[in-house]
file upload12.cif (mmCIF, C-alpha atoms)
data_upload
#
loop_
_atom_site.label_atom_id
_atom_site.label_comp_id
_atom_site.auth_asym_id
_atom_site.auth_seq_id
_atom_site.Cartn_x
_atom_site.Cartn_y
_atom_site.Cartn_z
CA MET A 1 85.14 191.81 103.38
CA VAL A 2 81.49 192.59 104.12
CA ASN A 3 80.39 193.60 107.59
CA SER A 4 77.75 191.17 108.80
CA ASP A 5 75.77 193.92 110.53
CA SER A 6 74.91 195.41 107.13
CA PRO A 7 74.93 192.58 104.61
CA SER A 8 74.51 193.26 100.94
CA SER A 9 71.81 190.58 100.64
CA PRO A 10 69.98 188.23 103.01
CA LEU A 11 71.92 185.24 101.69
CA ASP A 12 75.36 186.83 101.98
CA SER A 13 75.65 186.66 105.76
CA PRO A 14 75.72 183.83 108.30
CA LEU A 15 73.78 186.15 110.62
CA THR A 16 70.65 185.63 108.51
CA THR A 17 71.08 182.04 107.29
CA LYS A 18 72.15 179.22 109.58
CA PHE A 19 73.23 176.08 107.72
CA PRO A 20 72.26 173.28 107.86
CA LEU A 21 68.97 173.07 109.72
CA SER A 22 68.39 169.46 108.69
CA VAL A 23 70.08 166.54 106.99
CA GLU A 24 67.82 167.08 103.98
CA ASN A 25 69.07 170.65 103.51
CA PHE A 26 72.58 169.37 103.95
CA GLN A 27 72.11 166.94 101.04
CA ILE A 28 70.37 169.46 98.77
CA LEU A 29 73.13 172.04 99.09
CA GLN A 30 75.75 169.34 98.75
CA GLN A 31 74.13 168.21 95.46
CA GLU A 32 74.00 171.76 94.10
CA LEU A 33 77.69 172.26 94.76
CA ASN A 34 78.73 169.02 93.11
CA ASP A 35 76.61 169.70 90.00
CA GLY A 36 79.14 172.40 89.13
CA ALA A 37 82.27 170.64 90.39
CA GLU A 38 82.80 166.93 89.79
CA SER A 39 86.44 166.80 90.78
CA MET A 40 88.56 168.67 93.30
CA ALA A 41 92.27 169.39 93.49
CA THR A 42 94.19 169.28 96.74
CA PRO A 43 96.21 172.45 97.31
CA GLY A 44 99.74 172.18 98.67
CA THR A 45 99.16 174.58 101.48
CA THR A 46 100.80 174.68 104.84
CA THR A 47 98.55 173.36 107.58
CA SER A 48 98.39 174.98 110.96
CA SER A 49 96.32 174.58 114.07
CA THR A 50 95.78 176.35 117.34
CA CYS A 51 93.88 175.91 120.55
CA SER A 52 92.77 179.50 121.03
CA ASP A 53 92.65 181.24 124.35
CA SER A 54 92.73 184.75 122.90
CA ALA A 55 89.82 187.07 123.48
CA SER A 56 87.14 187.11 120.82
CA SER A 57 85.69 190.42 119.69
CA ASP A 58 82.27 191.59 120.87
CA SER A 59 81.48 193.06 117.48
CA GLY A 60 79.22 191.32 114.96
CA THR A 61 80.40 188.43 112.83
CA THR A 62 82.50 189.50 109.85
CA SER A 63 82.10 187.05 107.02
CA ASN A 64 81.39 186.89 103.33
CA ALA A 65 78.96 183.98 103.48
CA ASN A 66 77.13 182.10 100.79
CA SER A 67 75.29 179.04 102.01
CA GLN A 68 74.93 177.72 98.45
CA ASN A 69 78.68 177.02 98.38
CA ALA A 70 78.90 175.60 101.88
CA ILE A 71 79.62 171.88 101.45
CA PRO A 72 82.33 170.55 99.10
CA SER A 73 81.63 166.85 99.06
CA THR A 74 80.28 163.81 97.34
CA PRO A 75 77.18 164.11 95.13
CA LYS A 76 75.20 161.42 96.91
CA LYS A 77 74.56 160.26 100.41
CA ARG A 78 76.40 156.99 100.73
CA ARG A 79 75.75 154.35 103.33
CA SER A 80 78.92 153.58 105.22
CA SER A 81 79.76 151.10 107.96
CA LEU A 82 80.63 152.39 111.39
CA LYS A 83 83.43 149.93 112.05
CA LYS A 84 86.18 151.44 114.13
CA ASP A 85 89.51 151.69 112.38
CA PHE A 86 92.91 151.88 114.05
CA ARG A 87 93.87 154.46 111.40
CA GLN A 88 91.35 157.05 112.59
CA THR A 89 89.61 158.44 115.66
CA VAL A 90 85.82 158.74 115.56
CA PHE A 91 84.01 161.37 117.65
CA GLU A 92 80.35 160.51 118.19
CA ASN A 93 77.41 162.79 119.07
CA ILE A 94 78.97 165.95 117.67
CA HIS A 95 76.54 168.78 116.88
CA TYR A 96 77.13 170.38 113.49
CA LEU A 97 76.29 174.08 113.95
CA GLY A 98 76.82 175.18 110.35
CA CYS A 99 79.38 176.64 108.00
CA SER A 100 80.13 179.79 106.05
CA LYS A 101 82.38 181.05 103.30
CA ILE A 102 85.18 183.23 104.69
CA ASP A 103 87.72 185.52 103.05
CA ASP A 104 90.77 184.47 105.06
CA PRO A 105 90.92 180.79 106.16
CA SER A 106 93.69 181.62 108.66
CA ASN A 107 91.83 184.48 110.36
CA GLU A 108 91.38 183.17 113.88
CA ALA A 109 89.31 186.12 115.10
CA GLU A 110 86.85 185.75 112.22
CA MET A 111 86.45 182.04 112.88
CA LEU A 112 85.84 182.69 116.58
CA ARG A 113 83.17 185.29 115.80
CA LEU A 114 81.41 182.89 113.44
CA MET A 115 81.68 180.16 116.07
CA ARG A 116 80.12 182.37 118.74
CA PHE A 117 77.24 183.43 116.51
CA LEU A 118 76.34 179.91 115.34
CA ASP A 119 76.57 178.57 118.89
CA GLU A 120 74.29 181.29 120.25
CA GLN A 121 71.75 180.72 117.46
CA ARG A 122 71.67 176.91 117.61
CA THR A 123 68.28 175.22 117.84
CA SER A 124 66.93 171.74 118.50
CA ALA A 125 67.07 171.12 114.73
CA THR A 126 70.88 171.06 114.80
CA VAL A 127 72.26 167.99 113.03
CA THR A 128 74.07 165.37 115.14
CA VAL A 129 77.00 163.83 113.30
CA SER A 130 80.04 161.65 113.86
CA LEU A 131 83.43 163.04 112.88
CA ALA A 132 86.19 160.67 111.76
CA VAL A 133 89.69 162.17 111.98
CA PRO A 134 92.52 160.18 110.34
CA HIS A 135 95.87 159.65 112.01
CA SER A 136 98.01 160.82 109.09
CA ALA A 137 98.21 163.77 106.72
CA ARG A 138 97.32 161.48 103.82
CA GLY A 139 93.95 160.54 105.32
CA ILE A 140 90.40 161.72 104.72
CA VAL A 141 88.14 163.52 107.21
CA VAL A 142 84.64 162.00 107.06
CA LEU A 143 81.36 163.40 108.39
CA ARG A 144 78.45 160.99 108.91
CA ASP A 145 74.88 161.47 110.07
CA SER A 146 73.24 159.62 112.96
CA SER A 147 72.17 156.75 110.67
CA GLY A 148 75.72 156.16 109.43
CA GLY A 149 75.31 157.78 106.01
CA GLU A 150 78.32 159.71 104.76
CA LEU A 151 77.54 163.42 104.49
CA THR A 152 80.84 164.85 103.35
CA SER A 153 84.55 164.10 103.23
CA PHE A 154 87.73 165.98 102.36
CA PRO A 155 91.51 165.37 102.59
CA VAL A 156 93.43 166.48 105.67
CA GLN A 157 95.83 168.43 103.43
CA ARG A 158 93.01 170.78 102.47
CA ILE A 159 92.50 171.97 106.06
CA ARG A 160 94.01 175.41 106.60
CA PHE A 161 93.26 176.20 110.24
CA CYS A 162 91.73 174.70 113.41
CA VAL A 163 90.38 176.77 116.29
CA ARG A 164 88.83 175.93 119.64
CA GLY A 165 86.57 178.27 121.59
CA ARG A 166 87.96 180.13 124.57
CA LEU A 167 88.11 178.00 127.70
CA ASP A 168 86.52 180.78 129.79
CA SER A 169 83.61 181.32 127.39
CA ALA A 170 80.36 179.56 126.51
CA GLN A 171 82.07 178.31 123.33
CA LYS A 172 84.55 176.11 125.20
CA HIS A 173 82.60 173.11 123.83
CA CYS A 174 83.06 174.29 120.23
CA PHE A 175 85.75 173.93 117.59
CA SER A 176 85.94 174.87 113.93
CA ILE A 177 88.03 174.00 110.90
CA SER A 178 88.63 175.97 107.72
CA PHE A 179 89.75 174.60 104.37
CA THR A 180 90.12 175.60 100.73
CA HIS A 181 87.90 174.28 97.95
CA HIS A 182 89.08 174.36 94.33
CA GLY A 183 86.36 174.55 91.68
CA THR A 184 86.61 173.26 88.13
CA ASP A 185 87.12 176.82 86.85
CA GLY A 186 90.17 177.23 89.10
CA GLU A 187 88.38 179.51 91.56
CA GLN A 188 89.28 179.05 95.22
CA THR A 189 86.73 179.36 98.02
CA HIS A 190 87.49 179.20 101.72
CA GLN A 191 84.95 177.68 104.10
CA CYS A 192 84.67 177.33 107.86
CA HIS A 193 82.77 174.48 109.56
CA VAL A 194 81.70 174.82 113.21
CA PHE A 195 81.07 171.91 115.61
CA ARG A 196 79.95 171.60 119.22
CA SER A 197 80.71 168.66 121.52
CA ALA A 198 78.95 167.58 124.70
CA GLN A 199 82.11 167.97 126.81
CA PRO A 200 84.90 170.57 126.56
CA ASP A 201 87.49 167.78 126.74
CA THR A 202 86.12 166.32 123.51
CA ALA A 203 86.69 169.60 121.68
CA GLY A 204 90.28 169.70 122.87
CA ARG A 205 90.78 166.06 121.95
CA ALA A 206 89.45 166.68 118.44
CA LEU A 207 91.88 169.54 117.92
CA TYR A 208 94.71 167.39 119.23
CA CYS A 209 93.81 164.64 116.74
CA PHE A 210 93.86 167.16 113.90
CA SER A 211 97.27 168.45 114.98
CA GLN A 212 98.59 164.88 115.14
CA ALA A 213 97.24 164.18 111.66
CA PHE A 214 99.02 167.25 110.30
CA SER A 215 102.38 166.11 111.66
CA ASN A 216 102.13 162.37 110.91
CA SER A 217 102.99 161.09 107.45
CA GLY A 218 101.60 157.69 108.44
CA PRO A 219 101.62 155.10 111.23
CA VAL A 220 105.00 153.89 112.46
CA CYS A 221 105.22 150.14 111.86
CA VAL A 222 107.55 147.79 113.73
CA ASP A 223 109.86 145.56 111.66
CA GLY A 224 107.76 146.16 108.55
CA ASN A 225 104.68 144.63 110.21
CA GLU A 226 101.73 146.89 109.42
CA LYS A 227 99.76 145.45 112.34
CA ARG A 228 102.38 146.36 114.95
CA MET A 229 102.88 150.03 115.69
CA ASP A 230 105.25 151.87 117.97
CA PHE A 231 104.12 154.65 120.32
CA LYS A 232 106.31 156.96 122.40
CA PHE A 233 105.28 158.42 125.74
CA GLU A 234 106.86 160.73 128.29
CA ALA A 235 106.06 160.90 132.00
CA TYR A 236 106.88 163.78 134.32
CA LEU A 237 106.93 163.35 138.09
CA GLU A 238 106.57 166.27 140.48
CA ILE A 239 106.75 165.90 144.27
CA ARG A 240 105.34 168.85 146.19
CA GLU A 241 105.57 169.36 149.94
CA ASN A 242 103.12 171.21 152.14
CA GLU A 243 104.75 174.27 153.69
CA GLY A 244 101.44 175.52 155.07
CA SER A 245 98.99 174.08 157.55
CA HIS A 246 96.50 171.27 157.23
CA THR A 247 93.64 173.74 156.74
CA SER A 248 95.61 176.13 154.49
CA PRO A 249 98.07 174.01 152.51
CA HIS A 250 100.83 175.58 150.46
CA TRP A 251 102.38 173.06 148.07
CA VAL A 252 105.97 173.73 146.97
CA LEU A 253 107.85 171.75 144.34
CA CYS A 254 110.81 169.80 145.74
CA PRO A 255 114.16 170.89 144.25
CA GLN A 256 116.78 168.73 142.57
CA GLN A 257 120.56 168.76 142.75
CA SER A 258 122.74 166.39 140.72
CA ASN A 259 119.60 164.48 139.64
CA THR A 260 118.71 163.90 143.28
CA LEU A 261 115.44 165.04 144.81
CA LYS A 262 115.66 166.90 148.10
CA LEU A 263 112.84 165.86 150.41
CA ARG A 264 111.99 166.86 153.97
CA ARG A 265 110.81 164.35 156.53
CA ASP A 266 107.37 164.43 158.19
CA ARG A 267 105.88 166.75 155.58
CA PRO A 268 102.76 165.64 153.66
CA LYS A 269 103.48 165.37 149.98
CA ARG A 270 101.54 165.50 146.73
CA LEU A 271 102.70 163.40 143.78
CA ILE A 272 101.78 164.65 140.31
CA VAL A 273 102.36 162.44 137.27
CA GLN A 274 101.80 163.87 133.79
CA LEU A 275 101.60 161.42 130.87
CA LYS A 276 102.17 162.77 127.38
CA GLN A 277 102.08 160.92 124.06
CA VAL A 278 104.81 162.19 121.74
CA SER A 279 104.47 159.93 118.69
CA GLY A 280 102.12 157.50 117.00
CA PRO A 281 98.37 157.67 116.32
CA PRO A 282 96.64 159.38 119.26
CA LEU A 283 95.62 157.10 122.12
CA THR A 284 93.06 158.01 124.78
CA VAL A 285 93.92 157.59 128.46
CA THR A 286 90.53 157.10 130.13
CA LYS A 287 91.40 156.38 133.75
CA CYS A 288 94.13 155.82 136.31
CA PHE A 289 93.06 153.13 138.76
CA GLY A 290 96.11 153.36 140.99
CA MET A 291 99.29 155.28 141.79
CA LEU A 292 101.86 153.31 143.75
CA LEU A 293 105.04 154.18 145.66
CA ALA A 294 107.86 152.27 147.33
CA ALA A 295 111.46 152.73 148.38
CA GLY A 296 114.04 151.10 146.11
CA ARG A 297 114.28 150.28 142.41
CA ASN A 298 113.70 147.27 140.14
CA LEU A 299 110.80 146.38 142.41
CA ARG A 300 108.14 143.70 142.12
CA HIS A 301 104.46 144.53 142.03
CA SER A 302 103.98 143.22 145.58
CA ASP A 303 106.58 145.70 146.88
CA MET A 304 104.55 148.75 145.82
CA GLN A 305 102.16 150.58 148.16
CA LEU A 306 98.93 152.12 146.89
CA LEU A 307 98.48 155.87 147.42
CA GLU A 308 95.29 157.86 147.81
CA LEU A 309 94.27 159.33 144.45
CA GLU A 310 93.18 162.96 144.64
CA SER A 311 92.26 163.69 141.01
CA MET A 312 92.82 162.56 137.45
CA GLY A 313 91.92 163.76 133.97
CA PRO A 314 93.16 165.58 130.86
CA GLY A 315 95.18 168.72 131.45
CA ALA A 316 94.89 172.08 129.72
CA ASN A 317 96.77 170.45 126.86
CA PRO A 318 94.56 167.58 125.61
CA SER A 319 97.64 165.45 124.87
CA VAL A 320 98.58 165.40 128.58
CA TYR A 321 96.86 163.28 131.24
CA VAL A 322 97.41 164.50 134.81
CA ILE A 323 97.21 162.28 137.92
CA ASN A 324 97.40 163.63 141.49
CA ALA A 325 97.90 161.55 144.63
CA ILE A 326 98.53 162.30 148.30
CA TRP A 327 101.47 160.73 150.14
CA ASP A 328 101.81 160.83 153.91
CA PRO A 329 105.45 159.78 154.59
CA ARG A 330 104.73 159.41 158.32
CA VAL A 331 103.04 156.05 157.68
CA HIS A 332 105.37 153.31 158.95
CA ILE A 333 105.61 151.51 155.60
CA PHE A 334 107.42 154.59 154.26
CA ASP A 335 109.97 154.81 157.10
CA VAL A 336 112.89 154.46 154.67
CA LEU A 337 111.70 157.52 152.74
CA ASN A 338 111.01 159.48 155.92
CA THR A 339 114.38 159.00 157.64
CA GLU A 340 117.12 161.59 157.29
CA THR A 341 119.91 160.30 155.07
CA PRO A 342 123.63 160.86 155.79
CA ARG A 343 125.49 163.42 153.73
CA ASP A 344 127.01 161.01 151.21
CA SER A 345 124.13 158.53 150.90
CA ARG A 346 120.99 158.47 148.79
CA VAL A 347 117.75 156.53 148.76
CA PHE A 348 115.91 155.32 145.67
CA LEU A 349 112.17 155.54 145.21
CA THR A 350 109.83 154.17 142.53
CA VAL A 351 106.50 155.69 141.50
CA ALA A 352 104.12 153.77 139.24
CA ALA A 353 100.84 154.77 137.58
CA ASP A 354 98.47 152.09 136.26
CA VAL A 355 96.34 153.57 133.49
CA ILE A 356 93.68 152.33 131.11
CA ILE A 357 94.01 153.25 127.43
CA ALA A 358 90.71 153.04 125.58
CA GLU A 359 92.22 151.50 122.45
CA ALA A 360 94.24 148.85 124.32
CA GLY A 361 92.88 145.64 125.76
CA GLU A 362 94.72 145.70 129.09
CA PRO A 363 96.04 148.21 131.65
CA ILE A 364 99.52 149.64 131.23
CA ARG A 365 101.96 150.62 133.98
CA PHE A 366 104.24 153.64 133.69
CA ARG A 367 107.08 153.42 136.20
CA ILE A 368 109.38 156.25 137.27
CA GLU A 369 112.55 155.76 139.33
CA ALA A 370 114.33 158.58 141.13
CA LYS A 371 117.06 159.24 143.68
CA ALA A 372 116.36 161.28 146.79
CA ARG A 373 117.98 162.61 149.90
CA VAL A 374 115.87 163.20 153.00
CA PHE A 375 116.52 166.27 155.18
CA HIS A 376 115.18 167.65 158.44
CA ARG A 377 111.59 168.88 158.45
CA ASP A 378 112.63 172.55 158.75
CA GLU A 379 115.46 172.47 156.20
CA ARG A 380 115.49 175.40 153.74
CA PHE A 381 116.67 175.18 150.14
CA TYR A 382 117.92 178.19 148.23
CA LYS A 383 118.72 178.71 144.54
CA LEU A 384 118.21 175.10 143.54
CA PRO A 385 116.46 174.09 140.30
CA ARG A 386 112.90 172.90 140.80
CA VAL A 387 112.20 170.65 137.82
CA ALA A 388 110.20 167.50 137.27
CA VAL A 389 111.68 164.01 136.93
CA ARG A 390 111.29 162.82 133.34
CA GLU A 391 111.08 159.29 131.92
CA GLY A 392 110.59 158.08 128.35
CA TYR A 393 108.64 155.01 127.26
CA SER A 394 108.17 152.95 124.12
CA LEU A 395 104.89 151.08 123.72
CA THR A 396 104.33 148.52 120.95
CA LEU A 397 100.73 147.61 120.15
CA GLU A 398 99.34 145.11 117.68
CA VAL A 399 96.03 145.43 115.86
CA CYS A 400 93.61 142.85 117.22
CA ALA A 401 92.05 141.83 113.88
CA ASP A 402 91.49 142.97 110.32
CA GLU A 403 87.76 143.36 110.93
CA ILE A 404 87.04 145.11 114.18
CA ASP A 405 83.60 144.96 115.73
CA CYS A 406 81.96 148.37 115.80
CA GLU A 407 80.53 147.62 119.26
CA THR A 408 83.94 147.50 120.91
CA SER A 409 86.57 150.19 121.30
CA VAL A 410 89.48 147.78 121.82
CA LEU A 411 91.70 148.16 118.77
CA TYR A 412 95.12 147.00 120.01
CA ALA A 413 96.72 144.30 122.10
CA VAL A 414 99.79 145.25 124.14
CA THR A 415 102.87 143.55 122.71
CA CYS A 416 105.58 145.15 124.82
CA ALA A 417 106.28 148.27 126.86
CA TRP A 418 109.75 149.57 127.65
CA ASN A 419 111.01 152.28 129.93
CA LEU A 420 113.61 153.90 127.66
CA ASN A 421 115.48 155.68 130.45
CA TRP A 422 115.46 152.57 132.64
CA ASN A 423 116.92 150.49 129.78
CA ARG A 424 119.71 152.98 129.25
CA LYS A 425 120.46 153.04 132.97
CA GLY A 426 120.43 149.24 133.07
CA VAL A 427 122.89 149.01 130.18
CA LEU A 428 125.14 151.56 131.87
CA ARG A 429 125.03 149.68 135.18
CA THR A 430 125.80 146.41 133.42
CA PHE A 431 128.77 148.01 131.64
CA ILE A 432 130.12 149.45 134.89
CA GLU A 433 129.77 146.14 136.72
CA LEU A 434 131.47 144.30 133.85
CA TRP A 435 134.32 146.80 133.80
CA ARG A 436 134.81 146.46 137.56
CA ALA A 437 134.96 142.68 137.17
CA ILE A 438 137.57 142.93 134.39
CA ILE A 439 139.88 145.43 136.10
CA PRO A 440 141.38 142.94 138.65
CA PHE A 441 142.33 140.55 135.85
CA LEU A 442 143.92 143.37 133.85
CA VAL A 443 145.92 144.47 136.89
CA LEU A 444 147.00 140.86 137.52
CA GLY A 445 148.09 140.43 133.89
CA ILE A 446 150.14 143.64 133.96
CA ASP A 447 151.74 142.58 137.25
CA ASN A 448 152.74 139.19 135.79
CA ARG A 449 154.33 140.86 132.76
CA ILE A 450 156.36 143.15 134.98
CA ARG A 451 157.66 140.18 136.92
#
call {"tool": "encode", "arguments": {"input": "upload12.cif", "output": "structure tokens"}}
result
Amino acid sequence: MVNSDSPSSPLDSPLTTKFPLSVENFQILQQELNDGAESMATPGTTTSSTCSDSASSDSGTTSNANSQNAIPSTPKKRRSSLKKDFRQTVFENIHYLGCSKIDDPSNEAEMLRLMRFLDEQRTSATVTVSLAVPHSARGIVVLRDSSGGELTSFPVQRIRFCVRGRLDSAQKHCFSISFTHHGTDGEQTHQCHVFRSAQPDTAGRALYCFSQAFSNSGPVCVDGNEKRMDFKFEAYLEIRENEGSHTSPHWVLCPQQSNTLKLRRDRPKRLIVQLKQVSGPPLTVTKCFGMLLAAGRNLRHSDMQLLELESMGPGANPSVYVINAIWDPRVHIFDVLNTETPRDSRVFLTVAADVIIAEAGEPIRFRIEAKARVFHRDERFYKLPRVAVREGYSLTLEVCADEIDCETSVLYAVTCAWNLNWNRKGVLRTFIELWRAIIPFLVLGIDNRIR
């Protein structure tokens, strides 16, 4: 490996050559590469990804760069439509900072150093591209210029590593991918591409899409219908109470015992709902327009009371969307949830979050039911588990049409949404009620036989 502070030649280091400076240079170098390699093999390598928070070195960039071998792609610039496809996620207005040949495609520190250098040296001539990330490991990553022309493409299986810049650094907007290129002579070269997004959340979302593509063999269809796909979500509910003052709040997570939340009356509360997608092509939660609360279960929409939203947005993990709301139980409509309950009784409560998913054509409600017991305001709890309430959901979406207008982002129509935990509880309750109804007849039959 050659130290970039003392390169062997001016073209051997990314510190002296930043690529590409224009779309024209991009095409020229792409043509030169493909003159010597008309076909490419896809290596069966293990794909890995990381969202890096580790410290990057302050030393110079260490890389064995050769800008003449930077882009492994198609020999010509091809015009391609920009129609949105439900099989991929397209990131617009991404700045392509450049790329370099590296010795180890899994060397995170080396990729971070290259990322930092290219980001610090970027100019107004940086190319703006759109990046299309497929939803399965069998898909193709496509890079297009601002006019829609295809610049380069490569299979997901060829990607070796994905890295995001540190969240506490100037490179928090950046991410990079490394992959292996096989030449016709059997020689392997490893290359690292660096991108910069306008918002840090976009960089995290891009890495999340890559990680989903690595783990998905393909979209999950429902009943063999390729247009209907199944998505799984999880929701976590935390209720925190203020043990401090109004000016200096101290929020403490409410404990649970026997799946029952322990609440204290007259204490302001903060409700935190975290939504996480666990399967299916990645969907984008763009907004929560309401969190609702009411006492009871199996409630109608009119029974729910709207809470004051405090904040919303993606969490540290891009696959998680976090919603915060404030609940004042002293309001009279919440009297049932603010009255001390007897020792052997419980009260049910329902929390609902109405969210907008960019790819769906209508809002979706995630509902969480929980049991609670209300104690005195000054009650103290010791050695009790403080965990969140968890619910699982199944969401079935149907593709709107075969040809989707590129001007719209609506790709799916909501077919059905099920609360998995609620269904299981409902089946169990039905079974118990049925068994209780049968028992008297069984007892009567046994009594008649004895007589």
call {"tool": "residues_near_point", "arguments": {"input": "upload12.cif", "point": "(89.9, 162.4, 118.0)", "cutoff": "7 Å", "atoms": "all atoms listed in the file", "output": "list in words"}}
result
Thr89, Val90, Phe91, Val133, Arg205, Ala206 and Cys209 of chain A
call {"tool": "atom_distance", "arguments": {"input": "upload12.cif", "atom1": "atom CA of A:Val252", "atom2": "atom CA of A:Asp168"}}
result
26.9 Å
call {"tool": "residues_around", "arguments": {"input": "upload12.cif", "residues": "A:Leu131", "least_positions_apart": "6", "cutoff": "8 Å", "atoms": "all atoms listed in the file", "output": "PDB file with C-alpha atoms, keeping the file's coordinate frame"}}
result
ATOM      1  CA  VAL A  90      85.820 158.740 115.560  1.00  0.00           C
ATOM      2  CA  PHE A  91      84.010 161.370 117.650  1.00  0.00           C
ATOM      3  CA  GLU A  92      80.350 160.510 118.190  1.00  0.00           C
ATOM      4  CA  ILE A  94      78.970 165.950 117.670  1.00  0.00           C
ATOM      5  CA  VAL A 141      88.140 163.520 107.210  1.00  0.00           C
ATOM      6  CA  VAL A 142      84.640 162.000 107.060  1.00  0.00           C
ATOM      7  CA  LEU A 143      81.360 163.400 108.390  1.00  0.00           C
ATOM      8  CA  ARG A 144      78.450 160.990 108.910  1.00  0.00           C
TER       9      ARG A 144
END
call {"tool": "atom_distance", "arguments": {"input": "upload12.cif", "atom1": "atom CA of A:Gly165", "atom2": "atom CA of A:Phe210"}}
result
15.4 Å
call {"tool": "atom_distance", "arguments": {"input": "upload12.cif", "atom1": "atom CA of A:Gly98", "atom2": "atom CA of A:Leu118"}}
result
6.9 Å
call {"tool": "resolve_selection", "arguments": {"input": "upload12.cif", "expression": "the PyMOL selection byres ((chain A and resi 160) around 6)", "output": "number ranges by chain"}}
result
A: 47, 159, 161, 178-179
call {"tool": "resolve_selection", "arguments": {"input": "upload12.cif", "expression": "the PyMOL selection byres ((chain A and resi 195) around 8)", "output": "JSON, numbers by chain"}}
result
{"A": [94, 95, 96, 97, 98, 174, 175, 176, 193, 194, 196, 197]}
call {"tool": "closest_residue", "arguments": {"input": "upload12.cif", "among": "A:Arg113, A:His190, A:Arg164, A:Arg122", "to": "A:Ser100", "atoms": "only C-alpha atoms"}}
result
A:His190
call {"tool": "residues_around", "arguments": {"input": "upload12.cif", "residues": "stretch 313-324 of chain A", "least_positions_apart": "3", "cutoff": "6 Å", "atoms": "all atoms listed in the file", "output": "MDAnalysis selection string"}}
result
chainID A and resid 204:205 271:276 310
call {"tool": "residues_around", "arguments": {"input": "upload12.cif", "residues": "A:Gly290", "least_positions_apart": "6", "cutoff": "9 Å", "atoms": "only C-alpha atoms", "output": "JSON, numbers by chain"}}
result
{"A": [306, 307, 308, 309, 352, 353, 354, 355]}
call {"tool": "residues_around", "arguments": {"input": "upload12.cif", "residues": "A:Phe334", "least_positions_apart": "4", "cutoff": "8 Å", "atoms": "only C-alpha atoms", "output": "list in words"}}
result
Ala294, Ala295, Pro329, Arg330 and Asn338 of chain A
call {"tool": "resolve_selection", "arguments": {"input": "upload12.cif", "expression": "the PyMOL selection byres ((chain A and resi 235-244) around 6)", "output": "PDB file with C-alpha atoms, in the coordinates of the input"}}
result
ATOM      1  CA  GLU A 234     106.860 160.730 128.290  1.00  0.00           C
ATOM      2  CA  SER A 245      98.990 174.080 157.550  1.00  0.00           C
ATOM      3  CA  SER A 248      95.610 176.130 154.490  1.00  0.00           C
ATOM      4  CA  PRO A 249      98.070 174.010 152.510  1.00  0.00           C
ATOM      5  CA  HIS A 250     100.830 175.580 150.460  1.00  0.00           C
ATOM      6  CA  TRP A 251     102.380 173.060 148.070  1.00  0.00           C
ATOM      7  CA  VAL A 252     105.970 173.730 146.970  1.00  0.00           C
ATOM      8  CA  LEU A 253     107.850 171.750 144.340  1.00  0.00           C
ATOM      9  CA  CYS A 254     110.810 169.800 145.740  1.00  0.00           C
ATOM     10  CA  PRO A 268     102.760 165.640 153.660  1.00  0.00           C
ATOM     11  CA  LYS A 269     103.480 165.370 149.980  1.00  0.00           C
ATOM     12  CA  ARG A 270     101.540 165.500 146.730  1.00  0.00           C
ATOM     13  CA  LEU A 271     102.700 163.400 143.780  1.00  0.00           C
ATOM     14  CA  ILE A 272     101.780 164.650 140.310  1.00  0.00           C
ATOM     15  CA  VAL A 273     102.360 162.440 137.270  1.00  0.00           C
ATOM     16  CA  GLN A 274     101.800 163.870 133.790  1.00  0.00           C
ATOM     17  CA  LEU A 275     101.600 161.420 130.870  1.00  0.00           C
ATOM     18  CA  ALA A 388     110.200 167.500 137.270  1.00  0.00           C
ATOM     19  CA  VAL A 389     111.680 164.010 136.930  1.00  0.00           C
ATOM     20  CA  ARG A 390     111.290 162.820 133.340  1.00  0.00           C
ATOM     21  CA  GLU A 391     111.080 159.290 131.920  1.00  0.00           C
TER      22      GLU A 391
END
call {"tool": "build_atoms", "arguments": {"input": "upload12.cif", "residues": "stretch 357-364 of chain A", "atoms": "N, CA and C atoms", "output": "PDB file, in the coordinates of the input"}}
result
ATOM      1  N   ILE A 357      94.073 152.596 128.738  1.00  0.00           N
ATOM      2  CA  ILE A 357      94.010 153.250 127.430  1.00  0.00           C
ATOM      3  C   ILE A 357      92.845 152.644 126.668  1.00  0.00           C
ATOM      4  N   ALA A 358      91.955 153.504 126.176  1.00  0.00           N
ATOM      5  CA  ALA A 358      90.710 153.040 125.580  1.00  0.00           C
ATOM      6  C   ALA A 358      90.956 152.072 124.428  1.00  0.00           C
ATOM      7  N   GLU A 359      91.992 152.319 123.640  1.00  0.00           N
ATOM      8  CA  GLU A 359      92.220 151.500 122.450  1.00  0.00           C
ATOM      9  C   GLU A 359      92.964 150.207 122.752  1.00  0.00           C
ATOM     10  N   ALA A 360      93.481 150.051 123.960  1.00  0.00           N
ATOM     11  CA  ALA A 360      94.240 148.850 124.320  1.00  0.00           C
ATOM     12  C   ALA A 360      93.380 147.913 125.155  1.00  0.00           C
ATOM     13  N   GLY A 361      93.702 146.638 125.097  1.00  0.00           N
ATOM     14  CA  GLY A 361      92.880 145.640 125.760  1.00  0.00           C
ATOM     15  C   GLY A 361      93.269 145.329 127.179  1.00  0.00           C
ATOM     16  N   GLU A 362      94.289 145.996 127.727  1.00  0.00           N
ATOM     17  CA  GLU A 362      94.720 145.700 129.090  1.00  0.00           C
ATOM     18  C   GLU A 362      95.377 146.934 129.682  1.00  0.00           C
ATOM     19  N   PRO A 363      95.415 147.048 131.024  1.00  0.00           N
ATOM     20  CA  PRO A 363      96.040 148.210 131.650  1.00  0.00           C
ATOM     21  C   PRO A 363      97.545 148.239 131.425  1.00  0.00           C
ATOM     22  N   ILE A 364      98.093 149.432 131.488  1.00  0.00           N
ATOM     23  CA  ILE A 364      99.520 149.640 131.230  1.00  0.00           C
ATOM     24  C   ILE A 364     100.110 150.401 132.409  1.00  0.00           C
TER      25      ILE A 364
END
